[in-house]
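Let me begin by presenting the structure, written as structure tokens, before commenting on it.
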Amino acid sequence: MSVGFFYKSRVRKNGSAQRRATFSQVLSHCVVCLLAFYAGTIWGGHACLERLRPLEPLRTGIVRCIESLMPGENQIETSALGFRNESRNLSQTPVVNDEMHKEELENGKRSRKRRIPESMKRIADGVARTSKDEFIKLYDFGIPYDRPQKDMAEVLLLYQTERALPNKLKERAIWDDGDGIPEVSASEATENCDQMNVVLTKLPDNNPQCLAIMANYQSYHIQRWMKLPENGGGLDKDKPLRLVSRGDAGNGRKSYKPPRLEDIRATFGMLRVYLDSLNDVLANLKPVAEKVAKKQHYSC
């Protein structure tokens with residue numbers, strides 16, 4: 001019995017020793033493997049770096065690119081500040097654009113050419129044309145009407161203030177757009193004219209004629225100037241222009257001659273008969289007029 005007990009205890013001691021030996025071996029193997037892995041990692045990394053050294057510029061570029069895509073705190077603050085400034089600029093852009101647009105318009109007006117210079121604005125601030133036939137039918141001038149011809153088929157209108165310009169030609173009547181004098185209907189041409197002066201003119205012969213319009217004290221008469229000698233005769237180009245009467249012709253003839261003394265005396269006699277009999281004639285006609293007189297309403 002003692003022998004058996006001794007054998008069993010011996011077996012137990014040998015088993016635990018074997019187990020302890022096995023654990024020590026495993027631990028040593030693990031340490032060796034870790035050291036080998038570490039050494040291999042160092043050696044492999046060194047080898048890879050040696051092989052990748054020619055690609056160092058490419059690696060540096062990639063790193064910088066990544067850094068640029070991932071900004072730091074300062075860069076983030078700078079970007080935010082820039083974004084706020086950009087937003088402020090965008091919010092102010094319409095105002096700036098409006099100001100620039102206004103400035104461009106002003107510069108455009110300055111670069112455009114007026115049909116009539118500033119020095120003659122009191123004579124005409126704008127100009128337009130309309131049909132002569134339509135104009136003469138719209139207003140009764142009480143004159144013989146010359147039918148429109150090819151070279152006298154329209155009426156030239158000069159506007160002495162911008163307020164008189166036709167509504168549809170506010171810009172074109174003032175600024176030269178390259179399309180000539182703008183055309184408009186007769187009613188539209190005069191729709192804003194509170195006053196209108198009409199000058200009737202025509203080339204009476206083949207002699208050169210000018211029409212001068214001068215801003216000055218208002219006059220409702222047309223002065224006529226001709227290069228006529230004072231002592232008689234036809235037009236002389238070497239003579240200066242001088243003021244003449246309505247009846248003077250280019251050939252020197254006078255359509256309206258002053259009356260002779262005997263003609264004046266004869267007309268005075270006829271005028272005396274009229275004045276002496278006027279009151280008697282009115283007295284005779286008054287009863288007759290009262291009998292036929294009726295209240296009439298006439299529309300003009």
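Ligands are numbered from 1 in the order shown, residues from 1 within each chain, and chains are lettered A, B, ... in the order they appear in the structure tokens.
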Quiz item: Near Asp236 (chain A), counting only C-alpha atoms, which residues have an atom at most 12 Å away, once you skip same-chain residues fewer than 2 positions from it, shown as a PyMOL selection string?
Solution: chain A and resi 207+226-234+238-242+250-252
If you keep all heavy atoms, can you produce a file of those selected residues as a tab-separated table (two decimals), in the first residue's frame?
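Okay, this is what ended up in again_31.tsv:
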```tsv
chain	number	residue	atom	x	y	z
A	207	ASN	N	-32.68	130.47	-106.48
A	207	ASN	CA	-31.60	131.14	-105.76
A	207	ASN	C	-31.39	130.49	-104.39
A	207	ASN	O	-32.36	130.12	-103.73
A	207	ASN	CB	-31.92	132.63	-105.58
A	207	ASN	CG	-32.02	133.34	-106.92
A	207	ASN	OD1	-31.15	133.21	-107.76
A	207	ASN	ND2	-33.11	134.10	-107.12
A	226	MET	N	-31.98	139.88	-98.30
A	226	MET	CA	-31.54	139.52	-99.65
A	226	MET	C	-30.31	140.33	-100.02
A	226	MET	O	-30.06	141.41	-99.47
A	226	MET	CB	-32.66	139.78	-100.68
A	226	MET	CG	-33.92	138.97	-100.46
A	226	MET	SD	-35.21	139.31	-101.69
A	226	MET	CE	-34.48	138.52	-103.13
A	227	LYS	N	-29.55	139.79	-100.96
A	227	LYS	CA	-28.37	140.51	-101.47
A	227	LYS	C	-28.78	141.39	-102.66
A	227	LYS	O	-28.37	141.17	-103.80
A	227	LYS	CB	-27.29	139.51	-101.88
A	227	LYS	CG	-26.67	138.75	-100.72
A	227	LYS	CD	-25.55	137.82	-101.17
A	227	LYS	CE	-24.89	137.13	-99.98
A	227	LYS	NZ	-23.81	136.22	-100.39
A	228	LEU	N	-29.63	142.35	-102.33
A	228	LEU	CA	-30.11	143.28	-103.36
A	228	LEU	C	-29.38	144.62	-103.22
A	228	LEU	O	-29.23	145.13	-102.11
A	228	LEU	CB	-31.61	143.50	-103.21
A	228	LEU	CG	-32.54	142.36	-103.64
A	228	LEU	CD1	-33.99	142.71	-103.32
A	228	LEU	CD2	-32.38	142.04	-105.12
A	229	PRO	N	-28.98	145.21	-104.34
A	229	PRO	CA	-28.38	146.55	-104.28
A	229	PRO	C	-29.41	147.57	-103.81
A	229	PRO	O	-30.60	147.48	-104.14
A	229	PRO	CB	-27.95	146.81	-105.73
A	229	PRO	CG	-27.88	145.46	-106.37
A	229	PRO	CD	-28.93	144.65	-105.70
A	230	GLU	N	-29.00	148.55	-103.06
A	230	GLU	CA	-29.91	149.56	-102.54
A	230	GLU	C	-30.43	150.50	-103.64
A	230	GLU	O	-31.50	151.08	-103.52
A	230	GLU	CB	-29.23	150.37	-101.44
A	230	GLU	CG	-28.90	149.54	-100.20
A	230	GLU	CD	-28.36	150.40	-99.09
A	230	GLU	OE1	-28.34	151.65	-99.25
A	230	GLU	OE2	-27.95	149.86	-98.05
A	231	ASN	N	-29.64	150.64	-104.71
A	231	ASN	CA	-30.04	151.55	-105.79
A	231	ASN	C	-30.78	150.83	-106.91
A	231	ASN	O	-30.94	151.36	-108.01
A	231	ASN	CB	-28.81	152.27	-106.34
A	231	ASN	CG	-27.72	151.30	-106.79
A	231	ASN	OD1	-27.89	150.08	-106.66
A	231	ASN	ND2	-26.63	151.83	-107.32
A	232	GLY	N	-31.26	149.63	-106.65
A	232	GLY	CA	-32.02	148.91	-107.67
A	232	GLY	C	-31.21	147.82	-108.35
A	232	GLY	O	-29.99	147.78	-108.28
A	233	GLY	N	-31.93	146.92	-109.00
A	233	GLY	CA	-31.28	145.82	-109.69
A	233	GLY	C	-31.52	144.50	-108.98
A	233	GLY	O	-32.10	144.44	-107.89
A	234	GLY	N	-31.12	143.42	-109.68
A	234	GLY	CA	-31.35	142.07	-109.16
A	234	GLY	C	-30.31	141.66	-108.12
A	234	GLY	O	-29.47	142.45	-107.67
A	238	ASP	N	-22.03	139.61	-104.61
A	238	ASP	CA	-20.94	140.37	-103.98
A	238	ASP	C	-21.45	141.39	-102.97
A	238	ASP	O	-20.66	141.99	-102.24
A	238	ASP	CB	-20.12	141.09	-105.05
A	238	ASP	CG	-19.42	140.10	-106.00
A	238	ASP	OD1	-19.09	138.99	-105.52
A	238	ASP	OD2	-19.22	140.44	-107.18
A	239	LYS	N	-22.76	141.57	-102.91
A	239	LYS	CA	-23.35	142.53	-101.97
A	239	LYS	C	-23.66	141.81	-100.66
A	239	LYS	O	-23.93	140.61	-100.63
A	239	LYS	CB	-24.63	143.14	-102.55
A	239	LYS	CG	-24.43	143.94	-103.84
A	239	LYS	CD	-23.63	145.21	-103.57
A	239	LYS	CE	-23.48	146.03	-104.86
A	239	LYS	NZ	-22.72	147.27	-104.62
A	240	PRO	N	-23.69	142.54	-99.55
A	240	PRO	CA	-24.07	141.93	-98.27
A	240	PRO	C	-25.58	141.76	-98.17
A	240	PRO	O	-26.34	142.45	-98.86
A	240	PRO	CB	-23.55	142.93	-97.24
A	240	PRO	CG	-23.58	144.24	-97.96
A	240	PRO	CD	-23.27	143.95	-99.39
A	241	LEU	N	-26.00	140.85	-97.33
A	241	LEU	CA	-27.43	140.67	-97.07
A	241	LEU	C	-27.99	141.92	-96.38
A	241	LEU	O	-27.36	142.48	-95.49
A	241	LEU	CB	-27.66	139.45	-96.16
A	241	LEU	CG	-27.49	138.07	-96.81
A	241	LEU	CD1	-27.46	137.00	-95.71
A	241	LEU	CD2	-28.60	137.78	-97.81
A	242	ARG	N	-29.19	142.33	-96.79
A	242	ARG	CA	-29.84	143.47	-96.15
A	242	ARG	C	-31.32	143.18	-96.02
A	242	ARG	O	-31.89	142.38	-96.76
A	242	ARG	CB	-29.59	144.76	-96.92
A	242	ARG	CG	-30.27	144.83	-98.29
A	242	ARG	CD	-29.96	146.14	-98.99
A	242	ARG	NE	-30.65	146.27	-100.27
A	242	ARG	CZ	-31.86	146.80	-100.41
A	242	ARG	NH1	-32.52	147.25	-99.35
A	242	ARG	NH2	-32.42	146.88	-101.60
A	250	GLY	N	-36.25	138.55	-106.49
A	250	GLY	CA	-34.83	138.36	-106.78
A	250	GLY	C	-34.36	139.15	-107.99
A	250	GLY	O	-33.18	139.47	-108.10
A	251	ASN	N	-35.25	139.47	-108.88
A	251	ASN	CA	-34.86	140.22	-110.08
A	251	ASN	C	-34.89	141.73	-109.86
A	251	ASN	O	-34.68	142.50	-110.79
A	251	ASN	CB	-35.77	139.86	-111.25
A	251	ASN	CG	-37.25	140.08	-110.94
A	251	ASN	OD1	-37.59	140.64	-109.90
A	251	ASN	ND2	-38.12	139.61	-111.83
A	252	GLY	N	-35.20	142.15	-108.61
A	252	GLY	CA	-35.21	143.57	-108.30
A	252	GLY	C	-36.57	144.22	-108.37
A	252	GLY	O	-36.73	145.39	-107.99
```
Quiz item: Contacts of Gly247 (chain A) at 9 Å or less, counting only C-alpha atoms, minus same-chain residues fewer than 6 places along, as a list in words?
Solution: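 So the residues in contact are Arg253, Lys254, Ser255, Tyr256 and Lys257 of chain A.
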Practice problem: Identify which of the residues A:Leu138, A:Val155, A:Leu243, A:Ala164 lies closest to Asp125 (chain A), counting only C-alpha atoms when measuring atom-to-atom distances. | Solution: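 Among the listed residues, A:Ala164 lies closest to Asp125 (chain A).
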Exercise. Can you work out the spacing between CA of Asp205 (chain A) and CA of Trp225 (chain A) in Å, to one decimal?
Key: 14.8 Å
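You will find CA of Glu191 (chain A) at 17.5 Å from CA of Asp133 (chain A).
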Exercise. Name the closest residue to Gly178 (chain A) among the candidates A:Asn206, A:Val31, A:Arg115, A:Ser277; distances are taken between atoms, counting only C-alpha atoms.
Key: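 Among A:Asn206, A:Val31, A:Arg115, A:Ser277, it is A:Arg115 that comes nearest to Gly178 (chain A).
Using only C-alpha atoms, the shortest contact distance between Thr130 (chain A) and any of A:Val198, A:Ala186, A:Leu169, A:Ile116 is found at A:Ala186.
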Quiz item: Which parts of region 191-287 of chain A does DSSP call strand (DSSP E or B) when run on the backbone here, written out as a PyMOL selection string?
Solution: chain A and resi 224-226+242-244+248+254
Kindly save the residues from that selection, with N, CA and C atoms included, as a compact mmCIF listing (two decimals), in the first residue's frame.
```txt
# COMPACT_ATOMS: atom_id res chain seq x y z
N ARG A 224 -36.98 139.20 -93.82
CA ARG A 224 -36.46 138.72 -95.09
C ARG A 224 -35.22 139.53 -95.46
N TRP A 225 -34.14 138.81 -95.74
CA TRP A 225 -32.88 139.44 -96.09
C TRP A 225 -32.46 138.94 -97.47
N MET A 226 -31.98 139.88 -98.30
CA MET A 226 -31.54 139.52 -99.65
C MET A 226 -30.31 140.33 -100.02
N ARG A 242 -29.19 142.33 -96.79
CA ARG A 242 -29.84 143.47 -96.15
C ARG A 242 -31.32 143.18 -96.02
N LEU A 243 -31.94 143.85 -95.04
CA LEU A 243 -33.35 143.64 -94.77
C LEU A 243 -34.20 144.27 -95.88
N VAL A 244 -35.11 143.47 -96.44
CA VAL A 244 -35.96 143.95 -97.55
C VAL A 244 -37.43 143.71 -97.18
N ASP A 248 -40.27 142.36 -102.33
CA ASP A 248 -39.07 142.40 -103.16
C ASP A 248 -38.80 141.03 -103.77
N LYS A 254 -40.46 145.12 -107.43
CA LYS A 254 -41.21 145.28 -106.19
C LYS A 254 -42.68 144.98 -106.46
```
Self-check item: Between CA of Pro208 (chain A) and CA of Arg114 (chain A), distance in Å (one decimal)
Solution: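 Separation of CA of Pro208 (chain A) and CA of Arg114 (chain A): 27.6 Å.
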